[in-house]
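J.: Structure file input18.cif (mmCIF, C-alpha atoms) right here:
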data_protein
#
loop_
_atom_site.label_atom_id
_atom_site.label_comp_id
_atom_site.auth_asym_id
_atom_site.auth_seq_id
_atom_site.Cartn_x
_atom_site.Cartn_y
_atom_site.Cartn_z
CA MET A 15 91.97 85.16 77.78
CA ILE A 16 92.59 88.67 76.46
CA SER A 17 88.86 89.31 76.34
CA ARG A 18 88.43 88.28 79.96
CA SER A 19 91.39 90.43 80.99
CA LEU A 20 89.94 93.45 79.21
CA ARG A 21 86.52 92.91 80.78
CA SER A 22 88.11 92.63 84.22
CA LEU A 23 90.11 95.82 83.67
CA THR A 24 87.01 97.66 82.47
CA ARG A 25 85.03 96.60 85.54
CA GLU A 26 87.86 97.72 87.82
CA VAL A 27 88.02 101.12 86.10
CA LEU A 28 84.27 101.50 86.57
CA ALA A 29 84.65 100.62 90.26
CA LEU A 30 87.32 103.30 90.63
CA ALA A 31 85.05 105.80 88.89
CA ARG A 32 82.29 104.88 91.32
CA GLN A 33 84.64 105.42 94.23
CA ALA A 34 85.57 108.85 92.87
CA THR A 35 81.93 109.92 93.24
CA LEU A 36 81.87 108.70 96.85
CA LEU A 37 85.17 110.05 98.17
CA HIS A 38 83.67 113.30 99.48
CA ARG A 39 81.25 111.43 101.73
CA ASP A 40 81.77 110.43 105.36
CA VAL A 41 85.08 112.23 105.81
CA LEU A 42 84.08 112.82 109.41
CA PRO A 43 83.54 109.71 111.58
CA VAL A 44 80.17 108.01 111.29
CA VAL A 45 79.17 106.96 114.80
CA PRO A 46 75.62 105.75 115.51
CA HIS A 47 73.98 106.54 118.83
CA ALA A 48 73.41 103.00 120.04
CA GLU A 49 73.10 101.60 123.55
CA GLN A 50 72.57 97.97 122.59
CA GLY A 51 72.33 95.67 119.60
CA ASP A 52 74.87 95.20 116.81
CA VAL A 53 77.10 97.68 115.00
CA VAL A 54 79.23 96.93 111.93
CA VAL A 55 82.42 99.00 111.87
CA LEU A 56 83.96 99.32 108.40
CA VAL A 57 87.57 100.32 107.65
CA HIS A 58 88.40 101.54 104.15
CA GLY A 59 91.50 100.86 102.09
CA PHE A 60 94.35 102.91 100.61
CA LEU A 61 93.66 106.22 98.81
CA ALA A 62 90.02 106.18 99.81
CA THR A 63 87.66 107.57 102.42
CA ALA A 64 84.86 106.00 104.40
CA GLY A 65 82.59 107.27 101.63
CA VAL A 66 83.57 104.41 99.32
CA LEU A 67 81.99 102.06 101.86
CA ARG A 68 78.62 103.82 101.68
CA PRO A 69 77.02 101.25 99.29
CA LEU A 70 78.00 98.36 101.56
CA ARG A 71 76.87 100.24 104.67
CA ASP A 72 73.53 101.02 103.01
CA ALA A 73 73.05 97.36 102.04
CA ILE A 74 73.75 96.21 105.61
CA GLU A 75 71.36 98.70 107.17
CA ARG A 76 68.70 98.09 104.52
CA SER A 77 68.79 94.30 104.84
CA THR A 78 69.28 93.94 108.60
CA SER A 79 68.47 95.81 111.81
CA VAL A 80 72.19 96.45 112.33
CA ARG A 81 73.68 99.95 112.34
CA THR A 82 77.04 100.85 110.82
CA ALA A 83 80.02 103.03 111.72
CA SER A 84 83.15 104.12 109.88
CA PHE A 85 85.96 106.66 109.85
CA THR A 86 88.40 108.19 107.39
CA TYR A 87 92.17 108.17 107.84
CA PRO A 88 94.75 110.08 105.77
CA PRO A 89 96.70 108.32 102.99
CA GLY A 90 100.16 106.98 103.74
CA ILE A 91 99.91 106.31 107.46
CA GLY A 92 100.95 102.87 108.64
CA ILE A 93 98.79 99.93 109.66
CA GLU A 94 99.48 100.49 113.36
CA SER A 95 98.29 104.10 113.14
CA ILE A 96 95.09 103.05 111.37
CA ALA A 97 94.49 100.45 114.09
CA VAL A 98 94.87 103.13 116.76
CA ARG A 99 92.24 105.24 115.00
CA LEU A 100 89.98 102.20 114.89
CA SER A 101 90.39 101.75 118.64
CA GLU A 102 89.46 105.41 119.16
CA LEU A 103 86.26 104.93 117.17
CA LEU A 104 85.34 101.85 119.18
CA ARG A 105 85.89 103.76 122.41
CA SER A 106 83.35 106.31 121.18
CA LEU A 107 80.86 103.41 120.99
CA ALA A 108 80.83 103.42 124.74
CA SER A 109 77.98 101.06 125.58
CA PRO A 110 79.15 97.67 126.91
CA GLU A 111 75.94 96.13 125.56
CA LEU A 112 76.95 96.51 121.92
CA ARG A 113 78.12 93.64 119.71
CA ILE A 114 80.64 94.78 117.11
CA HIS A 115 81.45 93.31 113.69
CA LEU A 116 84.71 94.49 112.03
CA VAL A 117 84.84 94.68 108.23
CA GLY A 118 88.02 95.87 106.48
CA HIS A 119 88.75 96.43 102.80
CA SER A 120 92.36 95.98 101.64
CA ILE A 121 94.73 97.42 104.28
CA GLY A 122 91.66 98.08 106.43
CA GLY A 123 91.58 94.33 107.04
CA LEU A 124 95.19 94.41 108.25
CA ALA A 125 94.41 97.27 110.62
CA ALA A 126 91.44 95.39 112.08
CA ARG A 127 93.62 92.35 112.65
CA TRP A 128 96.37 94.42 114.27
CA PHE A 129 93.80 95.98 116.57
CA LEU A 130 92.63 92.54 117.67
CA THR A 131 95.96 90.78 118.11
CA GLU A 132 98.37 93.59 119.02
CA LEU A 133 96.29 96.34 120.67
CA GLY A 134 94.22 94.12 122.92
CA GLY A 135 91.06 94.19 120.83
CA ASP A 136 87.62 94.70 122.33
CA PRO A 137 85.55 91.99 124.05
CA ARG A 138 82.46 93.25 122.23
CA VAL A 139 83.81 92.19 118.81
CA VAL A 140 81.99 89.06 117.63
CA GLN A 141 83.46 88.50 114.16
CA THR A 142 85.76 89.90 111.48
CA ILE A 143 85.43 90.06 107.70
CA SER A 144 88.24 91.04 105.34
CA ILE A 145 87.76 92.05 101.71
CA ALA A 146 90.72 91.95 99.29
CA THR A 147 93.14 92.23 102.19
CA THR A 148 96.90 92.19 101.66
CA PHE A 149 97.64 89.10 103.78
CA GLU A 150 100.76 88.22 101.78
CA GLY A 151 101.72 91.83 101.08
CA ALA A 152 101.46 93.88 97.89
CA PRO A 153 104.02 93.19 95.14
CA ARG A 154 104.16 96.91 94.27
CA ALA A 155 104.45 98.03 97.90
CA ARG A 156 107.42 100.28 97.06
CA LEU A 157 105.00 102.60 95.25
CA PHE A 158 103.05 103.20 98.47
CA PRO A 159 103.96 106.25 100.58
CA GLY A 160 105.57 106.45 104.01
CA HIS A 161 105.24 103.72 106.63
CA LEU A 162 102.63 101.93 104.56
CA ALA A 163 105.19 100.79 101.98
CA ARG A 164 107.24 99.08 104.69
CA ASP A 165 104.17 97.52 106.31
CA VAL A 166 102.75 95.89 103.17
CA GLU A 167 106.03 94.77 101.62
CA PRO A 168 105.82 90.98 101.14
CA GLY A 169 107.60 89.36 104.07
CA SER A 170 107.53 92.52 106.20
CA ALA A 171 107.98 92.33 109.96
CA LEU A 172 104.44 93.61 110.46
CA LEU A 173 102.89 90.92 108.28
CA ALA A 174 104.97 88.25 110.01
CA LYS A 175 103.80 89.46 113.40
CA LEU A 176 100.19 89.45 112.27
CA ARG A 177 100.53 85.92 110.95
CA ALA A 178 101.96 84.79 114.27
CA GLY A 179 98.99 86.27 116.13
CA ARG A 180 95.82 84.28 116.61
CA SER A 181 92.21 85.23 117.15
CA GLU A 182 89.41 82.93 118.25
CA LEU A 183 86.81 85.07 116.51
CA PRO A 184 84.99 83.76 113.42
CA HIS A 185 86.56 85.23 110.29
CA LEU A 186 85.54 85.37 106.64
CA SER A 187 88.10 86.37 104.01
CA ILE A 188 86.70 87.57 100.68
CA ALA A 189 89.33 87.59 97.92
CA GLY A 190 89.10 89.01 94.40
CA GLY A 191 89.81 86.36 91.78
CA ASP A 192 90.88 89.10 89.33
CA ASP A 193 92.71 91.19 91.92
CA ARG A 194 95.90 92.67 90.42
CA VAL A 195 96.85 94.54 93.59
CA VAL A 196 96.61 91.56 95.96
CA PRO A 197 97.16 88.51 93.73
CA ASN A 198 97.79 86.14 96.63
CA GLY A 199 94.69 86.62 98.77
CA ALA A 200 94.54 83.85 101.36
CA LEU A 201 93.46 82.97 104.87
CA TRP A 202 95.13 84.08 108.04
CA ALA A 203 94.94 80.64 109.58
CA PRO A 204 93.44 77.17 109.01
CA GLY A 205 89.80 77.00 109.91
CA GLU A 206 88.93 80.48 108.70
CA ARG A 207 86.56 80.75 105.77
CA LEU A 208 87.52 81.91 102.27
CA LEU A 209 85.22 83.20 99.53
CA VAL A 210 86.73 83.96 96.12
CA VAL A 211 84.74 86.41 93.99
CA ARG A 212 85.64 86.98 90.34
CA ALA A 213 86.38 90.69 90.67
CA GLY A 214 89.24 93.16 90.91
CA HIS A 215 90.66 94.84 93.99
CA ASN A 216 88.13 97.67 94.17
CA GLU A 217 85.36 96.02 92.17
CA VAL A 218 85.10 93.26 94.79
CA LEU A 219 83.88 95.83 97.32
CA TYR A 220 80.70 96.35 95.27
CA HIS A 221 80.25 92.88 93.79
CA PRO A 222 76.82 91.35 94.57
CA GLU A 223 78.47 88.18 95.95
CA THR A 224 80.54 90.22 98.37
CA VAL A 225 77.61 92.31 99.54
CA ALA A 226 75.41 89.23 99.95
CA ALA A 227 78.09 87.38 101.92
CA VAL A 228 78.71 90.29 104.30
CA VAL A 229 75.00 90.89 104.86
CA ALA A 230 74.40 87.17 105.49
CA ARG A 231 77.23 86.91 108.03
CA VAL A 232 76.07 90.00 109.88
CA ALA A 233 72.43 88.93 109.85
CA ARG A 234 73.26 85.45 111.11
CA ALA A 235 75.48 86.73 113.92
CA SER A 236 72.94 89.37 114.89
CA ALA A 237 70.14 86.81 115.01
CA GLY A 238 72.31 84.61 117.26
CA ARG A 239 73.13 87.32 119.79
CA SER A 240 71.35 85.46 122.57
CA ALA A 241 73.70 82.49 122.06
CA GLY A 242 76.65 84.33 123.57
CA PRO A 243 79.23 87.03 122.82
CA HIS A 244 80.95 85.15 119.98
CA ALA A 245 77.96 83.65 118.18
CA ALA A 246 78.55 84.15 114.45
#
Go ahead and render the structure in this file as structure tokens.
T.:
Amino acid sequence: MISRSLRSLTREVLALARQATLLHRDVLPVVPHAEQGDVVVLVHGFLATAGVLRPLRDAIERSTSVRTASFTYPPGIGIESIAVRLSELLRSLASPELRIHLVGHSIGGLAARWFLTELGGDPRVVQTISIATTFEGAPRARLFPGHLARDVEPGSALLAKLRAGRSELPHLSIAGGDDRVVPNGALWAPGERLLVVRAGHNEVLYHPETVAAVVARVARASAGRSAGPHAA
């Protein structure tokens, strides 16, 4: 048991070290010039930048014909503010012919959900994917700065409101089996899909199972674009 715990901690430290080398990337919004087709929009988690998503973005673009977009938000702002910034990025993808896939890591998954259920969403969104998202809140939320601490406190008003909201879009939740930040990863609602990967909170973002699952969902939805706006 101790050996497994140490291995898990070591892998998580290595994932954080990897993120440190990526933080300087993609500080400015990444917005592809696309008039039609599919675009995956990725939202990073706490104390990160869009740069930490670069490996996943590269895997998506390398394995499919789908382009990717992302943006960086400052640390400490609340979920609602992140969702507003997401809506601004989607408005910059002006073409009505686009099909959009939303992928959020950690609190990025909460922001994507808030955008869909509380800000009116976007009819071009065809599916959502969350990775290590704080559905039940973070036990150490008090250590987070500003509005974010209140938002991710277990039982917070924001989380309750999100749970009461419903989306008809296909959703995949990827949870880290060794996640110490979000130990209670779960589904938003019955009928949504759950994949548990044996990885920590940041490690799960780079785990081969996570990458493969995201790529497969995007590829399948992209291939089914002729079946209608919500084929996924």
J.: So which residues get picked by the PyMOL selection byres ((chain A and resi 54) around 7) here, written as a list of chain:residue names?
T.: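 Those residues are A:Asp52, A:Val53, A:Val55, A:Leu56, A:Arg81, A:Thr82, A:Ala83, A:Ile114, A:His115, A:Leu116.
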J.: Using all atoms listed in the file, collect all residues at a distance of at most 9 Å from (94.6, 96.2, 101.4) as written in the file, then present them as a PyMOL selection string.
T.: chain A and resi 58-60+118-124+145-149+151-152+166+195-196+215
J.: Can you give me, as a list of chain:residue names, the residues this file yields under the PyMOL selection byres ((chain A and resi 127) around 10)?
T.: A:Ile93, A:Ala97, A:Leu116, A:Gly118, A:Ile121, A:Gly122, A:Gly123, A:Leu124, A:Ala125, A:Ala126, A:Trp128, A:Phe129, A:Leu130, A:Thr131, A:Glu132, A:Leu133, A:Gly135, A:Thr142, A:Ile143, A:Ser144, A:Leu176, A:Arg177, A:Gly179, A:Arg180, A:Ser181, A:Trp202
J.: Starting from the PyMOL selection byres ((chain A and resi 186-194) around 9), expand the selection into actual residues of this file and give them as a ChimeraX atom specification.
T.: /A:19,22-23,141-147,184-185,195-202,206-218,224,227-228,231
J.: Could you pull out every residue with an atom within 12 Å of (70.8, 96.2, 100.6), file coordinates, counting only C-alpha atoms, and send them as a list in words?
T.: Arg68, Pro69, Leu70, Arg71, Asp72, Ala73, Ile74, Glu75, Arg76, Ser77, Thr78, Ser79, Val80, Tyr220, Pro222, Thr224, Val225, Ala226, Ala227, Val228, Val229, Ala230 and Ala233 of chain A
J.: How many Å separate CA of Arg39 (chain A) from CA of Leu219 (chain A)?
T.: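 Distance reported for this atom pair: 16.4 Å.
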J.: Please measure the separation of CA of Ala64 (chain A) and CA of Tyr87 (chain A), giving the value in Å to one decimal.
T.: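 Separation between CA of Ala64 (chain A) and CA of Tyr87 (chain A): 8.4 Å.
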J.: Ranking A:Thr63, A:Pro46, A:Gly92, A:Leu37 by minimum distance to Leu162 (chain A) and counting all atoms listed in the file, which one comes first?
T.: A:Gly92
J.: Restricting the calculation to all atoms listed in the file: of A:Glu111, A:Glu94, A:Glu102, A:Glu49, which residue gets closest to Leu172 (chain A)?
T.: A:Glu94
J.: Distance CA of Gly169 (chain A)-CA of Ala155 (chain A), one decimal place?
T.: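 Separation of CA of Gly169 (chain A) and CA of Ala155 (chain A): 11.1 Å.
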J.: I'd like to know which of A:Leu157, A:Leu28, A:Leu107, A:Ala235 is closest to Val140 (chain A), using only C-alpha atoms.
T.: A:Ala235
J.: Nearest to Pro88 (chain A): which of A:Gly51, A:Pro110, A:Pro159, A:Pro153 is it, counting all atoms listed in the file?
T.: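 Closest to Pro88 (chain A) of all the choices is A:Pro159.
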J.: Go through A:His221, A:Ile96, A:Ile91, A:Leu173 and flag the residue nearest Phe158 (chain A), using all atoms listed in the file for the distances.
T.: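 Ranking A:His221, A:Ile96, A:Ile91, A:Leu173 by distance to Phe158 (chain A), first place goes to A:Ile91.
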J.: Rank nothing, just name the residue among A:Arg99, A:Arg154, A:Arg105, A:Arg234 nearest to Val57 (chain A), using all atoms listed in the file.
T.: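 Smallest separation from Val57 (chain A) among the options: A:Arg99.
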J.: For region 116-127 of chain A, where the input has fewer atoms than it should, I would like all heavy atoms rebuilt and written as a PDB file, in the coordinates of the input.
T.:
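So the final result, stored in part26.pdb, reads:
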ATOM      1  N   LEU A 116      83.676  93.713 112.720  1.00  0.00           N
ATOM      2  CA  LEU A 116      84.710  94.490 112.030  1.00  0.00           C
ATOM      3  C   LEU A 116      84.826  94.020 110.588  1.00  0.00           C
ATOM      4  O   LEU A 116      85.016  92.834 110.323  1.00  0.00           O
ATOM      5  CB  LEU A 116      86.058  94.332 112.731  1.00  0.00           C
ATOM      6  CG  LEU A 116      86.169  94.876 114.159  1.00  0.00           C
ATOM      7  CD1 LEU A 116      87.596  94.683 114.675  1.00  0.00           C
ATOM      8  CD2 LEU A 116      85.782  96.346 114.221  1.00  0.00           C
ATOM      9  N   VAL A 117      84.714  94.968 109.654  1.00  0.00           N
ATOM     10  CA  VAL A 117      84.840  94.680 108.230  1.00  0.00           C
ATOM     11  C   VAL A 117      85.903  95.606 107.656  1.00  0.00           C
ATOM     12  O   VAL A 117      85.790  96.831 107.774  1.00  0.00           O
ATOM     13  CB  VAL A 117      83.504  94.893 107.494  1.00  0.00           C
ATOM     14  CG1 VAL A 117      83.676  94.617 105.998  1.00  0.00           C
ATOM     15  CG2 VAL A 117      82.412  94.006 108.082  1.00  0.00           C
ATOM     16  N   GLY A 118      86.959  95.045 107.040  1.00  0.00           N
ATOM     17  CA  GLY A 118      88.020  95.870 106.480  1.00  0.00           C
ATOM     18  C   GLY A 118      88.275  95.551 105.024  1.00  0.00           C
ATOM     19  O   GLY A 118      88.352  94.386 104.636  1.00  0.00           O
ATOM     20  N   HIS A 119      88.392  96.607 104.209  1.00  0.00           N
ATOM     21  CA  HIS A 119      88.750  96.430 102.800  1.00  0.00           C
ATOM     22  C   HIS A 119      90.234  96.708 102.632  1.00  0.00           C
ATOM     23  O   HIS A 119      90.760  97.711 103.122  1.00  0.00           O
ATOM     24  CB  HIS A 119      87.946  97.381 101.913  1.00  0.00           C
ATOM     25  CG  HIS A 119      88.352  97.336 100.462  1.00  0.00           C
ATOM     26  ND1 HIS A 119      88.756  98.451  99.764  1.00  0.00           N
ATOM     27  CD2 HIS A 119      88.425  96.295  99.587  1.00  0.00           C
ATOM     28  CE1 HIS A 119      89.046  98.113  98.515  1.00  0.00           C
ATOM     29  NE2 HIS A 119      88.851  96.812  98.382  1.00  0.00           N
ATOM     30  N   SER A 120      90.948  95.815 101.938  1.00  0.00           N
ATOM     31  CA  SER A 120      92.360  95.980 101.640  1.00  0.00           C
ATOM     32  C   SER A 120      93.164  96.147 102.927  1.00  0.00           C
ATOM     33  O   SER A 120      93.075  95.308 103.821  1.00  0.00           O
ATOM     34  CB  SER A 120      92.534  97.172 100.683  1.00  0.00           C
ATOM     35  OG  SER A 120      93.839  97.233 100.175  1.00  0.00           O
ATOM     36  N   ILE A 121      93.926  97.246 103.075  1.00  0.00           N
ATOM     37  CA  ILE A 121      94.730  97.420 104.280  1.00  0.00           C
ATOM     38  C   ILE A 121      93.856  97.643 105.511  1.00  0.00           C
ATOM     39  O   ILE A 121      94.334  97.487 106.642  1.00  0.00           O
ATOM     40  CB  ILE A 121      95.744  98.572 104.136  1.00  0.00           C
ATOM     41  CG1 ILE A 121      95.029  99.907 103.890  1.00  0.00           C
ATOM     42  CG2 ILE A 121      96.753  98.258 103.039  1.00  0.00           C
ATOM     43  CD1 ILE A 121      95.969 101.104 103.915  1.00  0.00           C
ATOM     44  N   GLY A 122      92.579  97.967 105.301  1.00  0.00           N
ATOM     45  CA  GLY A 122      91.660  98.080 106.430  1.00  0.00           C
ATOM     46  C   GLY A 122      91.525  96.752 107.160  1.00  0.00           C
ATOM     47  O   GLY A 122      91.341  96.709 108.381  1.00  0.00           O
ATOM     48  N   GLY A 123      91.627  95.641 106.412  1.00  0.00           N
ATOM     49  CA  GLY A 123      91.580  94.330 107.040  1.00  0.00           C
ATOM     50  C   GLY A 123      92.809  94.055 107.890  1.00  0.00           C
ATOM     51  O   GLY A 123      92.723  93.419 108.946  1.00  0.00           O
ATOM     52  N   LEU A 124      93.973  94.556 107.454  1.00  0.00           N
ATOM     53  CA  LEU A 124      95.190  94.410 108.250  1.00  0.00           C
ATOM     54  C   LEU A 124      95.083  95.210 109.544  1.00  0.00           C
ATOM     55  O   LEU A 124      95.492  94.747 110.611  1.00  0.00           O
ATOM     56  CB  LEU A 124      96.409  94.887 107.458  1.00  0.00           C
ATOM     57  CG  LEU A 124      96.798  94.111 106.202  1.00  0.00           C
ATOM     58  CD1 LEU A 124      98.036  94.740 105.570  1.00  0.00           C
ATOM     59  CD2 LEU A 124      97.037  92.650 106.513  1.00  0.00           C
ATOM     60  N   ALA A 125      94.545  96.425 109.432  1.00  0.00           N
ATOM     61  CA  ALA A 125      94.410  97.270 110.620  1.00  0.00           C
ATOM     62  C   ALA A 125      93.468  96.649 111.641  1.00  0.00           C
ATOM     63  O   ALA A 125      93.726  96.681 112.852  1.00  0.00           O
ATOM     64  CB  ALA A 125      93.904  98.654 110.218  1.00  0.00           C
ATOM     65  N   ALA A 126      92.373  96.050 111.162  1.00  0.00           N
ATOM     66  CA  ALA A 126      91.440  95.390 112.080  1.00  0.00           C
ATOM     67  C   ALA A 126      92.117  94.228 112.786  1.00  0.00           C
ATOM     68  O   ALA A 126      91.932  94.015 113.992  1.00  0.00           O
ATOM     69  CB  ALA A 126      90.204  94.910 111.306  1.00  0.00           C
ATOM     70  N   ARG A 127      92.925  93.480 112.045  1.00  0.00           N
ATOM     71  CA  ARG A 127      93.620  92.350 112.650  1.00  0.00           C
ATOM     72  C   ARG A 127      94.661  92.811 113.671  1.00  0.00           C
ATOM     73  O   ARG A 127      94.825  92.209 114.726  1.00  0.00           O
ATOM     74  CB  ARG A 127      94.294  91.522 111.562  1.00  0.00           C
ATOM     75  CG  ARG A 127      94.774  90.165 112.025  1.00  0.00           C
ATOM     76  CD  ARG A 127      93.611  89.221 112.235  1.00  0.00           C
ATOM     77  NE  ARG A 127      94.053  87.868 112.492  1.00  0.00           N
ATOM     78  CZ  ARG A 127      93.303  86.787 112.284  1.00  0.00           C
ATOM     79  NH1 ARG A 127      92.080  86.902 111.836  1.00  0.00           N
ATOM     80  NH2 ARG A 127      93.757  85.589 112.537  1.00  0.00           N
TER      81      ARG A 127
END
